[in-house]
Every structure is written in C-alpha cells, then in structure tokens.
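Reading through the structure tokens given below for one structure.
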Amino acid sequence: MGESSVKTLETRTEVSSPEVTESQTRPGDQRTHLSRLRAPRRPRIWFEILLIGVSYWTYSLIRNAVPEQKADALANADWLWDLERTLGIAVEQSVNHAVNSVTWLIVGMNYYYATLHFVVTIGVLVWIYRFHPGRYAATRLVLFATTGVALVGYYFFPLAPPRLMNGQSFVDTVLVHHTWGSMASGNLKHMSNQYAAMPSMHIGWSLWCGLTIFAVASAPWARILGLLYPTATLVVIVATANHFWLDAVGGMLCLAFGYTVSRSWYGSLPHRLPREPEYAGPHPASALLNRFRRA
C-alpha cells in the first residue's frame, strides 16, 4: 500500500508539473530582433516629448529650407486654378469673398487656422498616450509618415496659395483683418516658406485627428466631433485663401501613405491594436545601450 501511494504521488507530480521550456518563461523572450522592434510598447513621456520636439523642428527646418521658387510656384498655382475651373470645382474665390464679408466669422477662422492645427493635434497625441498606450506608437507613426512625405511635395511641386496669386482677387484675410498668428502673412512671413501649399498639412493633420478620435473614442458625441473637425478645417483653409481644394486632396493622399506605412510596420491599423501593450521583452535599443554600459 505504501509503495502504491508513492507511485500515485509521483504520477501526480509529473502530471501537475510539466516541464517548463525556456520559451515559456517570459512572453516575448524568444521573439526575433525585428519582431521585438515592431511590437507596440508602453511609451515613455520624456522620450516622446523629445522625439516630437526634434521631429517638428526638423520638419520646419527642411520645409523652410526648400527653395522658394516663386516663378514656378505662381505658375503651378495658375495651372491648378485652371484645372479646378475645368473640373467645375473652382469655388474658392466665392467662398473667400463670402466669408470675408462677415467680420466676426473670418476673424474666428483666422485664429482657428493659426492655433487649432497645433493644439488639437497635440491634444490627440496626449489622449492616445494616456488612455490607449498600446496604440500610441502606431498612431504616432501615421502622423510622422504623413508629415515626412509632405516634404517631398513641397520640394517637387512648389505652389503659391490663392492669396498670393497674380491677377486674381483673393483676399488675404490675415492682412485685411490684422489678426495674429499666421506664419504666412505679416511680419512672420519671412520665417516660413510661402510656397509650400501642396499638400495641405492642415488637412493631413486634422483628418488624422478626426479619424483617430472616430476609431478609438467610445462616446458618440466625441466621434461626431472627430468627423466635424477636418470638415471645418477644410472650410477654413479655403475661406482664408490659404489653400485650394486640391491641396486638401494632396493632404489626404499623404495621410493614406502614413496609414500604409504604419500598417506595414505593425501589421494592423492603429485602432485594431490592443489598447494596452503586451510585454515584448526588453527593447533592442535598450539592450544595446546596456551592453555599452557594461563594457
């Protein structure tokens, strides 16, 4: 009887304690170097602030370093305006004049154009960082890739905004109403490339904000506001004579490129990733840094 008990105990021990392999010790330990790089991780606030600051500084530097090819930019604006008239969508001048006749409305749009472009974009980044950390890196990559490819458009297709065209009666609403904040008019115009209207990053960024909010937010009112934001931005950029309709199309194409890059890297659209990041082992960059420290 004693011998039988010992055998039974040994059997139970073997069944209840299977052999633990090395790959089961910690999830992510056996992932390849590339897969660990592509795995969404919990973002670090200091790194994100530094990355966004350096990235925007680099973007502004490159954008403003693109030669201001005035003759080409004006010629491209004339060509684009003729194309829109051929397509029957050249209503920018009518919208510009109509809204400009309502002082409180156009002044509000001037400030909208100068401020919300940055405020809302940063706000959405902070929101995703705080409440959807598993989706943050992929969402940020969409924004970065969208902005990066826009620089290609600025370089190869310099374009004057409608307010700077020759022989047209567009109203530069910032100059007329003496509103603050536009880097494209007044004393600040020398700090910004005046002929980088195609593609419109006001549309690229606002549509990124709107789609992100719509895809991730749970409250219906927030999702509706998310869709209304890029719609309102489209009206503003046209009413203030800062962009053509087709500049907005260019911004949308850049955003589509951004989503393609993010999906290719992470294997899924941002909103389909887990809300909380899974453990993916130590980041390869951190591991490399630790090796240098030990050496």
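Convention: chains lettered A, B, ... in structure tokens order; per-chain residue numbering from 1; ligands numbered from 1 as shown.
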
Residues of segment 68-187 of chain A at most 9 Å from segment 238-261 of chain A: nearest atom pair and distance in Å, only C-alpha atoms, as a tab-separated table:
```
residue	atom	partner	partner_atom	distance
A:Ala77	CA	A:Phe244	CA	8.9
A:Leu80	CA	A:Leu246	CA	8.0
A:Trp81	CA	A:Phe244	CA	8.0
A:Glu84	CA	A:Leu246	CA	8.0
A:Ile89	CA	A:Trp245	CA	8.0
A:Ala90	CA	A:Trp245	CA	8.1
A:Val91	CA	A:Trp245	CA	8.8
A:Glu92	CA	A:Val238	CA	5.8
A:Gln93	CA	A:Ala241	CA	7.7
A:Ser94	CA	A:Ala239	CA	8.7
A:Val95	CA	A:Ala239	CA	5.5
A:Asn96	CA	A:Ala239	CA	4.2
A:His97	CA	A:Ala239	CA	7.7
A:Ala98	CA	A:Ala239	CA	8.2
A:Val99	CA	A:Ala239	CA	6.3
A:Asn100	CA	A:Ala239	CA	7.5
A:Ile106	CA	A:Thr240	CA	7.4
A:Met109	CA	A:Thr240	CA	7.3
A:Asn110	CA	A:Thr240	CA	6.8
A:Tyr113	CA	A:Thr240	CA	8.3
A:Ala138	CA	A:Tyr259	CA	8.8
A:Thr139	CA	A:Tyr259	CA	8.5
A:Leu141	CA	A:Gly258	CA	7.2
A:Val142	CA	A:Gly258	CA	4.3
A:Leu143	CA	A:Gly258	CA	6.5
A:Phe144	CA	A:Gly258	CA	7.4
A:Ala145	CA	A:Gly258	CA	4.7
A:Thr146	CA	A:Gly258	CA	4.5
A:Thr147	CA	A:Cys254	CA	7.5
A:Gly148	CA	A:Cys254	CA	8.8
A:Val149	CA	A:Cys254	CA	6.4
A:Ala150	CA	A:Cys254	CA	6.4
A:Gly153	CA	A:Gly250	CA	8.6
A:Ala160	CA	A:His243	CA	8.6
A:Pro161	CA	A:Asn242	CA	5.2
A:Pro162	CA	A:Ala241	CA	5.3
A:Arg163	CA	A:Ala241	CA	5.2
A:Leu164	CA	A:Ala241	CA	8.7
A:Phe170	CA	A:Ala241	CA	6.6
A:Val171	CA	A:Ala241	CA	6.7
A:Asp172	CA	A:Ala241	CA	6.4
A:Thr173	CA	A:Thr240	CA	5.7
A:Val174	CA	A:Thr240	CA	7.8
A:Ala184	CA	A:Asn242	CA	8.6
```

For the contact check between segment 164-231 of chain A and segment 155-159 of chain A, emit one row per residue of segment 164-231 of chain A within 8 Å, containing the shortest atom pair and the distance in Å rounded to one decimal, counting only C-alpha atoms, chain then rising number order, as JSON lines.
```
{"residue": "A:Tyr195", "atom": "CA", "partner": "A:Leu159", "partner_atom": "CA", "distance": 4.9}
{"residue": "A:Ala196", "atom": "CA", "partner": "A:Pro158", "partner_atom": "CA", "distance": 5.7}
{"residue": "A:Ala197", "atom": "CA", "partner": "A:Leu159", "partner_atom": "CA", "distance": 5.4}
{"residue": "A:Met198", "atom": "CA", "partner": "A:Leu159", "partner_atom": "CA", "distance": 6.1}
```

Practice task
Find the spatial neighbours of segment 210-216 of chain A, counting only C-alpha atoms, within a cut-off of 8 Å - ignore same-chain residues fewer than 6 positions away - and output them as a ChimeraX atom specification.
Solution key: /A:124,139,222-230,271

Write out, as a compact mmCIF listing (two decimals), in the first residue's frame, the residues just selected, with all heavy atoms.
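Written file, selection.txt:
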```txt
# COMPACT_ATOMS: atom_id res chain seq x y z
N VAL A 124 -4.68 65.29 -29.20
CA VAL A 124 -4.99 63.90 -29.58
C VAL A 124 -3.82 62.98 -29.26
O VAL A 124 -4.00 61.86 -28.78
CB VAL A 124 -5.37 63.81 -31.07
CG1 VAL A 124 -5.50 62.36 -31.52
CG2 VAL A 124 -6.68 64.55 -31.33
N THR A 139 -0.13 55.00 -34.01
CA THR A 139 -0.84 56.24 -34.35
C THR A 139 0.15 57.37 -34.60
O THR A 139 -0.02 58.16 -35.55
CB THR A 139 -1.78 56.63 -33.19
OG1 THR A 139 -2.66 55.55 -32.91
CG2 THR A 139 -2.60 57.86 -33.56
N ALA A 222 -18.19 62.40 -29.13
CA ALA A 222 -16.78 62.59 -29.44
C ALA A 222 -16.47 62.13 -30.86
O ALA A 222 -15.69 62.78 -31.58
CB ALA A 222 -15.91 61.82 -28.43
N ARG A 223 -17.08 61.06 -31.28
CA ARG A 223 -16.86 60.56 -32.64
C ARG A 223 -17.41 61.53 -33.67
O ARG A 223 -16.80 61.74 -34.73
CB ARG A 223 -17.51 59.18 -32.78
CG ARG A 223 -17.00 58.16 -31.77
CD ARG A 223 -17.64 56.81 -31.98
NE ARG A 223 -17.10 56.15 -33.16
CZ ARG A 223 -17.61 55.03 -33.67
NH1 ARG A 223 -18.67 54.47 -33.11
NH2 ARG A 223 -17.06 54.47 -34.73
N ILE A 224 -18.55 62.14 -33.35
CA ILE A 224 -19.13 63.14 -34.27
C ILE A 224 -18.22 64.35 -34.38
O ILE A 224 -17.94 64.85 -35.48
CB ILE A 224 -20.54 63.53 -33.80
CG1 ILE A 224 -21.49 62.35 -33.93
CG2 ILE A 224 -21.05 64.73 -34.60
CD1 ILE A 224 -22.86 62.60 -33.34
N LEU A 225 -17.72 64.83 -33.23
CA LEU A 225 -16.79 65.96 -33.25
C LEU A 225 -15.52 65.63 -34.02
O LEU A 225 -14.94 66.48 -34.70
CB LEU A 225 -16.44 66.37 -31.82
CG LEU A 225 -17.52 67.12 -31.04
CD1 LEU A 225 -17.01 67.43 -29.63
CD2 LEU A 225 -17.91 68.41 -31.75
N GLY A 226 -15.09 64.37 -33.90
CA GLY A 226 -13.91 63.94 -34.64
C GLY A 226 -14.08 64.09 -36.13
O GLY A 226 -13.16 64.51 -36.84
N LEU A 227 -15.25 63.79 -36.65
CA LEU A 227 -15.51 63.92 -38.08
C LEU A 227 -15.74 65.37 -38.48
O LEU A 227 -15.41 65.78 -39.61
CB LEU A 227 -16.72 63.07 -38.46
CG LEU A 227 -16.55 61.56 -38.30
CD1 LEU A 227 -17.82 60.83 -38.76
CD2 LEU A 227 -15.35 61.05 -39.10
N LEU A 228 -16.31 66.16 -37.58
CA LEU A 228 -16.59 67.56 -37.90
C LEU A 228 -15.31 68.40 -37.97
O LEU A 228 -15.23 69.37 -38.72
CB LEU A 228 -17.53 68.17 -36.86
CG LEU A 228 -18.99 67.71 -36.92
CD1 LEU A 228 -19.79 68.35 -35.78
CD2 LEU A 228 -19.62 68.05 -38.27
N TYR A 229 -14.29 68.02 -37.20
CA TYR A 229 -13.07 68.82 -37.14
C TYR A 229 -12.37 68.96 -38.50
O TYR A 229 -12.09 70.08 -38.94
CB TYR A 229 -12.13 68.26 -36.08
CG TYR A 229 -10.79 68.94 -36.04
CD1 TYR A 229 -10.70 70.33 -35.89
CD2 TYR A 229 -9.61 68.22 -36.15
CE1 TYR A 229 -9.46 70.97 -35.86
CE2 TYR A 229 -8.37 68.85 -36.12
CZ TYR A 229 -8.31 70.22 -35.98
OH TYR A 229 -7.09 70.85 -35.96
N PRO A 230 -12.06 67.86 -39.22
CA PRO A 230 -11.44 68.05 -40.54
C PRO A 230 -12.37 68.72 -41.55
O PRO A 230 -11.90 69.42 -42.46
CB PRO A 230 -11.08 66.62 -40.97
CG PRO A 230 -11.95 65.74 -40.16
CD PRO A 230 -12.17 66.44 -38.86
N HIS A 271 -6.05 51.43 -34.62
CA HIS A 271 -7.18 51.20 -33.73
C HIS A 271 -7.47 49.72 -33.50
O HIS A 271 -8.22 49.36 -32.59
CB HIS A 271 -8.43 51.91 -34.26
CG HIS A 271 -8.98 51.30 -35.52
ND1 HIS A 271 -8.45 51.57 -36.77
CD2 HIS A 271 -10.01 50.43 -35.72
CE1 HIS A 271 -9.12 50.91 -37.69
NE2 HIS A 271 -10.09 50.21 -37.08
```

Once DSSP has gone over the backbone, tell me which residues of segment 75-106 of chain A are in helix (DSSP H, G or I), as an MDAnalysis selection string.
chainID A and resid 75:87 92:100 103:106

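Counting only C-alpha atoms, the residue from A:Tyr136, A:Trp221, A:Trp180, A:Trp57 that sits nearest to Ser262 of chain A is A:Tyr136.
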
Taken to one decimal, the atom CA of Thr121 of chain A-atom CA of Arg63 of chain A distance is 18.8 Å

Of A:Val107, A:Ala217, A:Leu83, A:Val120, the one nearest to His177 of chain A when counting only C-alpha atoms is A:Val107
